[in-house]
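Novice: upload09.txt (compact mmCIF, C-alpha atoms) pasted underneath:
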# COMPACT_ATOMS: atom_id res chain seq x y z
CA MET A 1 6.47 -55.48 14.21
CA LYS A 2 8.52 -56.63 17.17
CA LEU A 3 11.47 -54.23 16.66
CA LEU A 4 9.09 -51.28 16.71
CA GLU A 5 7.10 -52.49 19.72
CA ASP A 6 10.34 -52.96 21.66
CA ARG A 7 11.42 -49.45 20.72
CA ILE A 8 8.09 -47.94 21.77
CA ARG A 9 8.32 -49.74 25.10
CA ARG A 10 11.91 -48.58 25.63
CA ASP A 11 11.72 -44.97 24.46
CA GLY A 12 8.03 -44.06 24.36
CA LYS A 13 6.64 -41.91 27.14
CA ILE A 14 3.03 -42.14 28.24
CA LYS A 15 1.53 -38.79 29.16
CA GLY A 16 -1.85 -37.77 30.50
CA GLY A 17 -4.67 -37.38 27.99
CA ASP A 18 -3.83 -40.55 26.05
CA VAL A 19 -0.63 -39.06 24.65
CA LEU A 20 2.14 -41.46 23.65
CA LYS A 21 5.31 -39.44 23.12
CA VAL A 22 7.67 -41.05 20.65
CA ASP A 23 9.48 -37.91 19.62
CA SER A 24 12.92 -39.32 20.34
CA PHE A 25 12.75 -41.64 17.31
CA LEU A 26 9.59 -41.04 15.28
CA ASN A 27 8.25 -37.53 14.98
CA HIS A 28 10.71 -34.91 16.16
CA GLN A 29 14.02 -36.71 16.20
CA MET A 30 13.84 -39.42 13.55
CA ASP A 31 15.79 -42.68 13.63
CA ILE A 32 16.47 -43.18 9.94
CA ARG A 33 17.73 -46.75 10.35
CA LEU A 34 14.46 -47.67 12.04
CA PHE A 35 12.60 -45.92 9.20
CA GLY A 36 14.42 -48.26 6.80
CA GLU A 37 13.10 -51.29 8.71
CA ILE A 38 9.64 -49.73 8.64
CA GLY A 39 9.90 -49.25 4.88
CA ALA A 40 10.88 -52.87 4.33
CA GLU A 41 7.98 -54.04 6.50
CA PHE A 42 5.38 -51.93 4.64
CA LYS A 43 6.74 -53.27 1.35
CA ARG A 44 6.36 -56.81 2.68
CA ARG A 45 2.79 -56.19 3.83
CA PHE A 46 1.70 -54.44 0.63
CA ALA A 47 3.72 -56.70 -1.70
CA ASP A 48 0.56 -57.83 -3.56
CA VAL A 49 -0.78 -54.30 -4.12
CA PRO A 50 0.22 -52.10 -7.07
CA VAL A 51 1.37 -48.71 -5.81
CA SER A 52 2.30 -45.80 -8.06
CA LYS A 53 2.39 -43.02 -5.50
CA ILE A 54 2.60 -42.48 -1.76
CA LEU A 55 0.47 -39.78 -0.18
CA THR A 56 1.11 -38.39 3.29
CA ILE A 57 0.43 -35.21 5.23
CA GLU A 58 2.80 -32.63 6.63
CA ALA A 59 4.73 -32.54 8.79
CA SER A 60 5.64 -35.70 10.67
CA GLY A 61 4.43 -38.12 8.00
CA ILE A 62 6.86 -36.84 5.39
CA GLY A 63 10.07 -38.42 6.63
CA ILE A 64 8.62 -41.90 6.96
CA ALA A 65 6.81 -41.61 3.63
CA CYS A 66 10.06 -40.71 1.84
CA ILE A 67 11.98 -43.66 3.25
CA VAL A 68 9.05 -46.03 2.60
CA ALA A 69 8.85 -44.74 -0.98
CA GLN A 70 12.36 -46.05 -1.67
CA TYR A 71 11.06 -49.58 -1.17
CA PHE A 72 8.21 -49.03 -3.63
CA ASP A 73 10.31 -46.90 -6.01
CA VAL A 74 7.55 -44.29 -6.34
CA PRO A 75 7.28 -40.54 -5.69
CA VAL A 76 5.74 -39.07 -2.54
CA VAL A 77 3.13 -36.32 -2.44
CA PHE A 78 2.41 -34.60 0.83
CA ALA A 79 -0.85 -32.83 1.54
CA LYS A 80 -0.34 -29.29 2.80
CA LYS A 81 -2.17 -27.97 5.79
CA ASN A 82 -2.26 -24.29 4.96
CA LYS A 83 -2.96 -22.48 1.77
CA THR A 84 0.30 -20.91 0.59
CA LYS A 85 1.16 -18.76 -2.37
CA ASN A 86 2.70 -21.78 -4.02
CA ILE A 87 -0.60 -23.62 -4.37
CA ALA A 88 -3.17 -21.29 -5.76
CA GLY A 89 -6.34 -22.53 -7.34
CA ASP A 90 -6.01 -25.97 -8.79
CA ALA A 91 -6.04 -28.14 -5.72
CA TYR A 92 -8.14 -30.86 -4.15
CA THR A 93 -9.11 -29.74 -0.67
CA THR A 94 -10.94 -31.11 2.32
CA GLN A 95 -11.36 -30.27 5.98
CA VAL A 96 -9.79 -32.24 8.80
CA GLU A 97 -10.62 -32.05 12.47
CA SER A 98 -7.62 -32.33 14.78
CA PHE A 99 -8.24 -33.67 18.26
CA THR A 100 -4.64 -33.06 19.37
CA HIS A 101 -4.80 -29.38 18.51
CA GLY A 102 -8.53 -28.91 19.00
CA LYS A 103 -9.23 -27.23 15.67
CA THR A 104 -10.28 -27.81 12.10
CA TYR A 105 -7.94 -27.13 9.21
CA ASP A 106 -7.85 -27.46 5.44
CA ILE A 107 -5.60 -29.92 3.68
CA MET A 108 -4.85 -29.76 -0.01
CA VAL A 109 -3.05 -31.49 -2.83
CA SER A 110 -2.38 -29.91 -6.21
CA ARG A 111 -4.45 -31.49 -9.00
CA GLU A 112 -1.26 -31.95 -10.99
CA PHE A 113 0.01 -34.63 -8.67
CA LEU A 114 -2.99 -36.90 -8.12
CA GLY A 115 -5.42 -38.28 -10.65
CA LYS A 116 -6.90 -41.18 -12.60
CA GLY A 117 -4.42 -43.97 -13.08
CA ASP A 118 -2.68 -43.39 -9.76
CA GLN A 119 -2.69 -46.19 -7.21
CA VAL A 120 -2.15 -44.45 -3.93
CA LEU A 121 -0.77 -45.78 -0.68
CA LEU A 122 -1.38 -43.52 2.33
CA ILE A 123 1.42 -43.39 4.90
CA ASP A 124 1.38 -41.66 8.27
CA ASP A 125 3.18 -41.88 11.57
CA PHE A 126 0.18 -42.00 13.90
CA LEU A 127 -3.43 -43.11 13.79
CA ALA A 128 -5.71 -42.10 16.65
CA ASN A 129 -9.06 -40.73 15.57
CA GLY A 130 -8.19 -41.25 11.94
CA LYS A 131 -9.40 -37.87 10.71
CA ALA A 132 -6.19 -37.06 8.81
CA LEU A 133 -6.19 -40.42 6.98
CA GLU A 134 -9.91 -40.09 6.23
CA GLY A 135 -9.18 -36.67 4.76
CA LEU A 136 -6.38 -38.06 2.59
CA ALA A 137 -8.69 -40.87 1.43
CA ARG A 138 -11.29 -38.26 0.41
CA LEU A 139 -8.67 -36.38 -1.64
CA VAL A 140 -7.74 -39.63 -3.40
CA ARG A 141 -11.41 -40.37 -4.15
CA GLU A 142 -12.00 -36.83 -5.41
CA SER A 143 -9.00 -37.11 -7.75
CA GLY A 144 -10.27 -40.29 -9.38
CA ALA A 145 -7.20 -42.22 -8.24
CA GLN A 146 -7.41 -45.66 -6.66
CA LEU A 147 -6.73 -46.10 -2.96
CA ALA A 148 -4.30 -49.01 -2.56
CA GLY A 149 -4.37 -48.90 1.23
CA ALA A 150 -3.06 -47.13 4.26
CA GLY A 151 0.03 -47.85 6.34
CA VAL A 152 0.61 -46.31 9.75
CA VAL A 153 3.49 -46.79 12.11
CA ILE A 154 1.58 -46.59 15.41
CA GLU A 155 -2.16 -47.08 15.83
CA LYS A 156 -3.82 -46.26 19.11
CA GLY A 157 -6.18 -49.22 19.18
CA PHE A 158 -8.19 -47.75 22.03
CA GLN A 159 -9.24 -44.84 19.86
CA PRO A 160 -11.76 -45.31 17.04
CA GLY A 161 -9.74 -44.28 13.96
CA GLY A 162 -8.43 -47.67 12.92
CA ASP A 163 -11.77 -49.44 13.21
CA ASN A 164 -13.53 -46.64 11.33
CA LEU A 165 -11.10 -46.95 8.43
CA ARG A 166 -11.40 -50.76 8.33
CA ARG A 167 -15.20 -50.47 8.41
CA GLN A 168 -14.98 -48.25 5.32
CA GLY A 169 -13.20 -51.09 3.54
CA ILE A 170 -9.80 -49.41 3.54
CA ARG A 171 -6.95 -51.88 3.75
CA LEU A 172 -5.06 -50.69 6.79
CA GLU A 173 -1.72 -51.99 8.01
CA SER A 174 -0.52 -50.72 11.38
CA LEU A 175 2.96 -51.79 12.42
CA ALA A 176 2.23 -51.45 16.13
CA ILE A 177 -1.23 -51.25 17.68
CA VAL A 178 -1.34 -49.97 21.25
CA ASP A 179 -4.45 -51.43 22.87
CA TYR A 180 -3.78 -50.20 26.36
CA MET A 181 -1.38 -47.91 28.13
CA ASP A 182 -1.07 -46.72 31.69
CA GLU A 183 0.81 -43.60 32.68
CA LYS A 184 1.30 -44.58 36.32
CA THR A 185 2.85 -47.99 35.77
CA GLY A 186 4.30 -47.27 32.32
CA THR A 187 2.53 -50.39 31.00
CA ILE A 188 1.89 -50.70 27.26
CA VAL A 189 -0.09 -53.60 25.81
CA PHE A 190 0.13 -54.19 22.08
CA ARG A 191 -2.54 -56.01 20.10
CA GLY A 192 -1.89 -59.73 20.11
CA GLU A 193 -0.30 -59.69 23.56
CA ASN A 194 -1.92 -60.93 26.73
CA PRO A 195 -2.48 -58.00 29.04
CA MET B 196 24.98 -30.45 -9.70
CA LYS B 197 24.21 -30.91 -13.36
CA LEU B 198 21.37 -33.45 -12.93
CA LEU B 199 19.56 -31.06 -10.62
CA GLU B 200 20.09 -28.00 -12.81
CA ASP B 201 18.73 -29.91 -15.80
CA ARG B 202 15.71 -30.95 -13.78
CA ILE B 203 15.05 -27.38 -12.60
CA ARG B 204 15.28 -26.15 -16.18
CA ARG B 205 12.93 -28.87 -17.39
CA ASP B 206 10.29 -28.91 -14.65
CA GLY B 207 10.73 -25.65 -12.73
CA LYS B 208 8.24 -22.87 -13.32
CA ILE B 209 9.19 -19.22 -12.93
CA LYS B 210 6.42 -17.12 -11.44
CA GLY B 211 6.13 -13.44 -10.69
CA GLY B 212 7.64 -12.17 -7.46
CA ASP B 213 10.86 -14.18 -7.81
CA VAL B 214 9.06 -17.47 -7.23
CA LEU B 215 10.64 -20.61 -8.66
CA LYS B 216 8.05 -23.40 -8.48
CA VAL B 217 9.65 -26.82 -8.21
CA ASP B 218 6.74 -28.55 -6.57
CA SER B 219 6.59 -31.35 -9.13
CA PHE B 220 9.81 -32.91 -7.80
CA LEU B 221 11.07 -31.10 -4.71
CA ASN B 222 8.58 -29.70 -2.24
CA HIS B 223 5.05 -30.98 -2.83
CA GLN B 224 5.55 -34.02 -5.03
CA MET B 225 8.97 -35.45 -4.21
CA ASP B 226 11.15 -37.46 -6.58
CA ILE B 227 12.76 -39.89 -4.18
CA ARG B 228 15.30 -41.17 -6.72
CA LEU B 229 16.49 -37.60 -7.25
CA PHE B 230 16.65 -37.19 -3.47
CA GLY B 231 19.02 -40.18 -3.42
CA GLU B 232 21.33 -38.42 -5.88
CA ILE B 233 21.12 -35.29 -3.74
CA GLY B 234 22.04 -37.30 -0.64
CA ALA B 235 25.09 -38.78 -2.35
CA GLU B 236 26.20 -35.34 -3.52
CA PHE B 237 25.92 -33.78 -0.05
CA LYS B 238 27.89 -36.69 1.38
CA ARG B 239 30.59 -36.10 -1.24
CA ARG B 240 30.75 -32.37 -0.47
CA PHE B 241 30.80 -32.80 3.29
CA ALA B 242 33.02 -35.90 3.26
CA ASP B 243 35.70 -34.19 5.37
CA VAL B 244 33.29 -32.93 8.03
CA PRO B 245 32.19 -34.99 11.05
CA VAL B 246 28.39 -35.02 11.27
CA SER B 247 26.43 -36.61 14.10
CA LYS B 248 23.00 -35.16 13.40
CA ILE B 249 21.04 -33.47 10.65
CA LEU B 250 18.77 -30.57 11.54
CA THR B 251 16.03 -29.29 9.24
CA ILE B 252 12.76 -27.41 9.52
CA GLU B 253 9.24 -28.49 8.76
CA ALA B 254 7.73 -29.14 6.35
CA SER B 255 9.46 -29.35 3.00
CA GLY B 256 12.97 -29.85 4.39
CA ILE B 257 12.06 -33.09 6.15
CA GLY B 258 11.94 -35.43 3.16
CA ILE B 259 15.31 -34.40 1.78
CA ALA B 260 16.90 -34.41 5.23
CA CYS B 261 15.75 -38.00 5.84
CA ILE B 262 17.15 -39.29 2.56
CA VAL B 263 20.40 -37.33 3.03
CA ALA B 264 20.70 -38.75 6.56
CA GLN B 265 20.98 -42.27 5.13
CA TYR B 266 24.27 -41.27 3.52
CA PHE B 267 25.65 -39.93 6.81
CA ASP B 268 24.03 -42.68 8.91
CA VAL B 269 22.78 -40.18 11.49
CA PRO B 270 19.37 -39.23 12.90
CA VAL B 271 17.38 -36.21 11.74
CA VAL B 272 15.79 -33.61 13.97
CA PHE B 273 13.28 -31.19 12.51
CA ALA B 274 12.52 -27.83 14.06
CA LYS B 275 8.81 -27.30 14.59
CA LYS B 276 7.08 -24.14 13.59
CA ASN B 277 4.26 -24.07 16.08
CA LYS B 278 4.16 -24.82 19.74
CA THR B 279 2.24 -28.04 20.19
CA LYS B 280 1.19 -30.00 23.25
CA ASN B 281 3.97 -32.46 22.54
CA ILE B 282 6.76 -29.94 23.12
CA ALA B 283 6.08 -28.09 26.30
CA GLY B 284 8.78 -26.25 28.16
CA ASP B 285 12.17 -27.67 27.50
CA ALA B 286 12.89 -26.38 24.03
CA TYR B 287 15.31 -24.07 22.27
CA THR B 288 13.32 -21.43 20.45
CA THR B 289 13.95 -18.51 18.14
CA GLN B 290 11.97 -16.29 15.83
CA VAL B 291 12.10 -16.51 12.05
CA GLU B 292 10.79 -13.98 9.58
CA SER B 293 9.19 -15.49 6.48
CA PHE B 294 9.26 -13.40 3.32
CA THR B 295 7.14 -15.91 1.40
CA HIS B 296 4.34 -15.79 3.93
CA GLY B 297 4.93 -12.29 5.19
CA LYS B 298 4.98 -13.11 8.88
CA THR B 299 7.17 -13.98 11.82
CA TYR B 300 6.94 -17.35 13.52
CA ASP B 301 8.64 -19.29 16.28
CA ILE B 302 10.71 -22.37 15.62
CA MET B 303 11.74 -24.81 18.28
CA VAL B 304 13.71 -27.92 18.98
CA SER B 305 13.43 -29.96 22.14
CA ARG B 306 16.51 -29.68 24.37
CA GLU B 307 16.65 -33.46 24.51
CA PHE B 308 17.71 -33.72 20.89
CA LEU B 309 20.42 -31.12 20.48
CA GLY B 310 23.37 -30.37 22.73
CA LYS B 311 27.08 -30.35 23.43
CA GLY B 312 28.92 -33.01 21.50
CA ASP B 313 26.57 -32.87 18.51
CA GLN B 314 28.04 -31.92 15.13
CA VAL B 315 25.10 -30.61 13.21
CA LEU B 316 24.57 -30.36 9.47
CA LEU B 317 21.66 -28.14 8.46
CA ILE B 318 19.68 -29.31 5.43
CA ASP B 319 16.89 -27.45 3.63
CA ASP B 320 15.25 -27.43 0.22
CA PHE B 321 15.45 -23.70 -0.51
CA LEU B 322 17.59 -20.75 0.41
CA ALA B 323 16.37 -17.27 -0.47
CA ASN B 324 16.65 -14.75 2.32
CA GLY B 325 18.20 -17.32 4.59
CA LYS B 326 16.13 -16.51 7.65
CA ALA B 327 15.13 -20.12 8.31
CA LEU B 328 18.74 -21.37 8.13
CA GLU B 329 19.93 -18.48 10.29
CA GLY B 330 17.28 -19.46 12.83
CA LEU B 331 18.43 -23.08 12.80
CA ALA B 332 22.05 -21.95 13.24
CA ARG B 333 20.99 -19.92 16.29
CA LEU B 334 19.31 -22.98 17.82
CA VAL B 335 22.50 -24.99 17.27
CA ARG B 336 24.60 -22.25 18.89
CA GLU B 337 22.20 -21.97 21.82
CA SER B 338 22.37 -25.72 22.39
CA GLY B 339 26.17 -25.76 22.60
CA ALA B 340 26.42 -28.09 19.60
CA GLN B 341 28.88 -27.50 16.77
CA LEU B 342 27.63 -26.36 13.38
CA ALA B 343 29.23 -28.56 10.73
CA GLY B 344 27.71 -26.64 7.84
CA ALA B 345 24.58 -26.13 5.81
CA GLY B 346 23.43 -27.88 2.64
CA VAL B 347 20.61 -26.55 0.50
CA VAL B 348 19.21 -27.96 -2.69
CA ILE B 349 18.40 -24.68 -4.45
CA GLU B 350 19.85 -21.29 -3.59
CA LYS B 351 18.44 -18.16 -5.15
CA GLY B 352 21.74 -16.40 -5.75
CA PHE B 353 20.02 -13.11 -6.52
CA GLN B 354 18.64 -12.95 -2.98
CA PRO B 355 20.94 -12.18 -0.05
CA GLY B 356 20.56 -15.31 2.12
CA GLY B 357 23.50 -17.31 0.78
CA ASP B 358 25.99 -14.47 0.97
CA ASN B 359 24.83 -13.56 4.47
CA LEU B 360 25.43 -17.11 5.68
CA ARG B 361 28.87 -17.30 4.03
CA ARG B 362 29.80 -13.94 5.55
CA GLN B 363 28.96 -15.40 8.98
CA GLY B 364 31.55 -18.10 8.33
CA ILE B 365 29.01 -20.87 7.84
CA ARG B 366 30.16 -23.51 5.39
CA LEU B 367 27.36 -23.54 2.85
CA GLU B 368 26.96 -25.99 0.00
CA SER B 369 24.17 -25.26 -2.49
CA LEU B 370 23.61 -27.89 -5.16
CA ALA B 371 22.13 -25.40 -7.63
CA ILE B 372 22.48 -21.64 -7.44
CA VAL B 373 20.03 -19.67 -9.57
CA ASP B 374 21.69 -16.34 -10.38
CA TYR B 375 19.08 -15.09 -12.79
CA MET B 376 15.65 -16.07 -13.98
CA ASP B 377 13.17 -14.48 -16.32
CA GLU B 378 9.48 -15.29 -16.27
CA LYS B 379 8.77 -14.09 -19.83
CA THR B 380 11.45 -16.04 -21.65
CA GLY B 381 11.69 -18.88 -19.12
CA THR B 382 15.45 -18.33 -18.93
CA ILE B 383 17.34 -19.62 -15.90
CA VAL B 384 21.05 -18.92 -15.42
CA PHE B 385 22.92 -20.98 -12.84
CA ARG B 386 26.11 -19.83 -11.14
CA GLY B 387 29.12 -20.76 -13.23
CA GLU B 388 27.23 -20.48 -16.51
CA ASN B 389 27.64 -17.66 -18.99
CA PRO B 390 24.40 -15.71 -19.13
Could you rewrite the structure in this file as structure tokens?

Specialist:
Amino acid sequence: MKLLEDRIRRDGKIKGGDVLKVDSFLNHQMDIRLFGEIGAEFKRRFADVPVSKILTIEASGIGIACIVAQYFDVPVVFAKKNKTKNIAGDAYTTQVESFTHGKTYDIMVSREFLGKGDQVLLIDDFLANGKALEGLARLVRESGAQLAGAGVVIEKGFQPGGDNLRRQGIRLESLAIVDYMDEKTGTIVFRGENP
Amino acid sequence: MKLLEDRIRRDGKIKGGDVLKVDSFLNHQMDIRLFGEIGAEFKRRFADVPVSKILTIEASGIGIACIVAQYFDVPVVFAKKNKTKNIAGDAYTTQVESFTHGKTYDIMVSREFLGKGDQVLLIDDFLANGKALEGLARLVRESGAQLAGAGVVIEKGFQPGGDNLRRQGIRLESLAIVDYMDEKTGTIVFRGENP
């Protein structure tokens, strides 16, 4: 998605440790107009797939998921990362390893909001090692719902998450795939470009 | 907002300890069409106020804030609850006491995304003791931005948060104010209704 790649090149900041900071428009400050374009693009790419629900994970996936959901006219469910009073008992849970934060945490979705008959599209802002999306896919499987696919805004193509998901037969659409980035020169190469 | 009050009465669940569970449409599963109506209503109520940015707090405020932002055509910034690698150093921070979770935590917003010249509307899903909104208002003050007001979807009128904010001179718009609720009978009385 050209508009998004241009934006990443303009406003993204490459930091040591393979970090691509896009917090000026994607995951701290959020450019809602851009999110609208992202929603339209996901709808275009998943036009042939029935979707009854969008599933994402707190926190930074929620905003994009909500705007995307307008294009599919479906509700959003977000998986919670910590057990709170408000979800006791009846939840699907799984463990997710976070490389960014160097720890393992539980994610959960109430059984009320996911089940047989649901056709679930996963939406998230970032895909690196893919552990969060794999966790969401496990929750969908456990619930008996069908996994329609997964849409991510930015995939780090030099990390293994995207390929792992594709190898598992999950239909994955990434709107921008960063295949290479260099902190010193500020170079970013997207998939499909000549480096 | 009649539509919202009806929905709370239909799908809300009153639990012990003054908990009103609305996770089937507001803060776990999210009814995006309802969020659209909420966005239009906030725009109507704050029509006379210049707004250049919406500020909310992770996690459950983000979805509503993003949909509301479409009606104001402004970006959203969400305050983060935990210090992550991606926000080092240059952030406004303050402490917030959570009654629901019984602990105190830090919230923060990068200095890049809030400052003089911004006219900030706070948006959140729930207002009970008001500590989260007070924390956001402090961040706005610290940044030198102007506080345009605060919009919340559900205020628990029998808890002190709303009155505290109004007493501080903050323009607060709550779309549904629950003045009384009873777990045994399932009764909910909204402000303006005869009990």

Novice: Go through B:Asn359, B:Ser293, B:Ser305, B:Thr299 and flag the residue nearest chain A, using all atoms listed in the file for the distances.

Specialist: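 Comparing B:Asn359, B:Ser293, B:Ser305, B:Thr299 against chain A, the winner is B:Ser305.
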
Novice: Can you report as lines of an AutoDock Vina configuration file the centre and edge lengths in Å, to one decimal, of an axis-aligned box around the listed atoms of range 300-305 of chain B padded with 8 Å on each side?

Specialist:
center_x = 10.3
center_y = -23.7
center_z = 17.8
size_x = 22.8
size_y = 28.6
size_z = 24.6

Novice: Sort by chain and increasing residue number a table of all residues of chain B within 10 Å of chain A, each with its closest pair of atoms and their distance in Å to one decimal, counting all atoms listed in the file, and write it as a tab-separated table.

Specialist:
residue	atom	partner	partner_atom	distance
B:Lys210	CA	A:Asn86	CA	9.5
B:Val214	CA	A:Asn86	CA	8.3
B:Leu215	CA	A:Asn86	CA	9.3
B:Lys216	CA	A:Asn86	CA	7.2
B:Val217	CA	A:Asn86	CA	9.6
B:Asp218	CA	A:Asn86	CA	8.3
B:Ser219	CA	A:Phe113	CA	7.4
B:Phe220	CA	A:Pro75	CA	8.3
B:Leu221	CA	A:Val77	CA	9.8
B:Asn222	CA	A:Phe78	CA	8.5
B:His223	CA	A:Val77	CA	5.7
B:Gln224	CA	A:Val77	CA	4.2
B:Met225	CA	A:Val76	CA	5.1
B:Asp226	CA	A:Pro75	CA	5.0
B:Ile227	CA	A:Pro75	CA	5.7
B:Arg228	CA	A:Gln70	CA	7.6
B:Leu229	CA	A:Pro75	CA	9.8
B:Phe230	CA	A:Cys66	CA	9.2
B:Gly231	CA	A:Gln70	CA	9.0
B:Lys248	CA	A:Gln29	CA	9.5
B:Ile249	CA	A:Gln29	CA	9.5
B:Leu250	CA	A:Gln29	CA	9.1
B:Ile252	CA	A:Ala59	CA	9.6
B:Glu253	CA	A:Ala59	CA	6.1
B:Ala254	CA	A:Ala59	CA	5.1
B:Ser255	CA	A:Ala59	CA	8.1
B:Gly256	CA	A:Gly63	CA	9.3
B:Ile257	CA	A:Gly63	CA	5.7
B:Gly258	CA	A:Gly63	CA	4.9
B:Ile259	CA	A:Gly63	CA	8.2
B:Ala260	CA	A:Gly63	CA	8.0
B:Cys261	CA	A:Gly63	CA	5.8
B:Ile262	CA	A:Ile67	CA	6.8
B:Val263	CA	A:Ile32	CA	9.9
B:Ala264	CA	A:Ile32	CA	7.0
B:Gln265	CA	A:Ile32	CA	6.7
B:Asp268	CA	A:Arg33	CA	7.6
B:Val269	CA	A:Ile32	CA	7.2
B:Pro270	CA	A:Asp31	CA	5.0
B:Val271	CA	A:Met30	CA	5.1
B:Val272	CA	A:Gln29	CA	4.2
B:Phe273	CA	A:His28	CA	5.8
B:Ala274	CA	A:His28	CA	7.6
B:Lys275	CA	A:His28	CA	8.0
B:Lys276	CA	A:Ala59	CA	10.0
B:Thr279	CA	A:His101	CA	7.4
B:Lys280	CA	A:Thr100	CA	7.6
B:Asn281	CA	A:Lys21	CA	7.1
B:Ile282	CA	A:Asp23	CA	9.1
B:Thr295	CA	A:Lys85	CA	7.6
B:His296	CA	A:Thr84	CA	7.3
B:Val304	CA	A:His28	CA	8.1
B:Ser305	CA	A:His28	CA	8.2
B:Glu307	CA	A:Ser24	CA	8.1
B:Phe308	CA	A:Gln29	CA	6.7
B:Leu309	CA	A:Gln29	CA	9.5

Novice: Which residues, written as a PyMOL selection string, have at least one atom at most 7 Å from range 119-131 of chain A, with only C-alpha atoms counted and residues fewer than 6 positions away on the same chain left out?

Specialist: chain A and resi 50-56+60-61+65+96-97+145-156+159-162

Novice: What is the distance, in Å and to one decimal place, between CA of Val373 in chain B and CA of Arg386 in chain B?

Specialist: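 Computed distance, CA of Val373 in chain B to CA of Arg386 in chain B, equals 6.3 Å.
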
Novice: Give the answer as one residue: which of B:Lys311, B:Lys197, B:Arg336, B:Lys298 has the shortest atom-to-atom distance to Glu236 in chain B, using all atoms listed in the file?

Specialist: B:Lys197

Novice: Can you measure CA of Tyr266 in chain B to CA of Ala40 in chain A for me? One decimal in Å is fine.

Specialist: 17.7 Å

Novice: Enter the distance from CA of Ile170 in chain A to CA of Phe190 in chain A, in Å, rounded to one decimal.

Specialist: 21.6 Å

Novice: Which of these, A:Thr187, A:Asn82, A:Asn194, A:Gln95, has the shortest distance to Gly135 in chain A once you count all atoms listed in the file?

Specialist: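 For Gly135 in chain A, the nearest of the candidates is A:Gln95.
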
Novice: Within 7 Å of (6.4, -43.2, 30.1), in the coordinates the file gives, what residues turn up when you count only C-alpha atoms, written out as a list in words?

Specialist: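 In the file's frame, the residues around the point are Gly12, Lys13, Ile14, Lys15, Glu183 and Gly186 of chain A.
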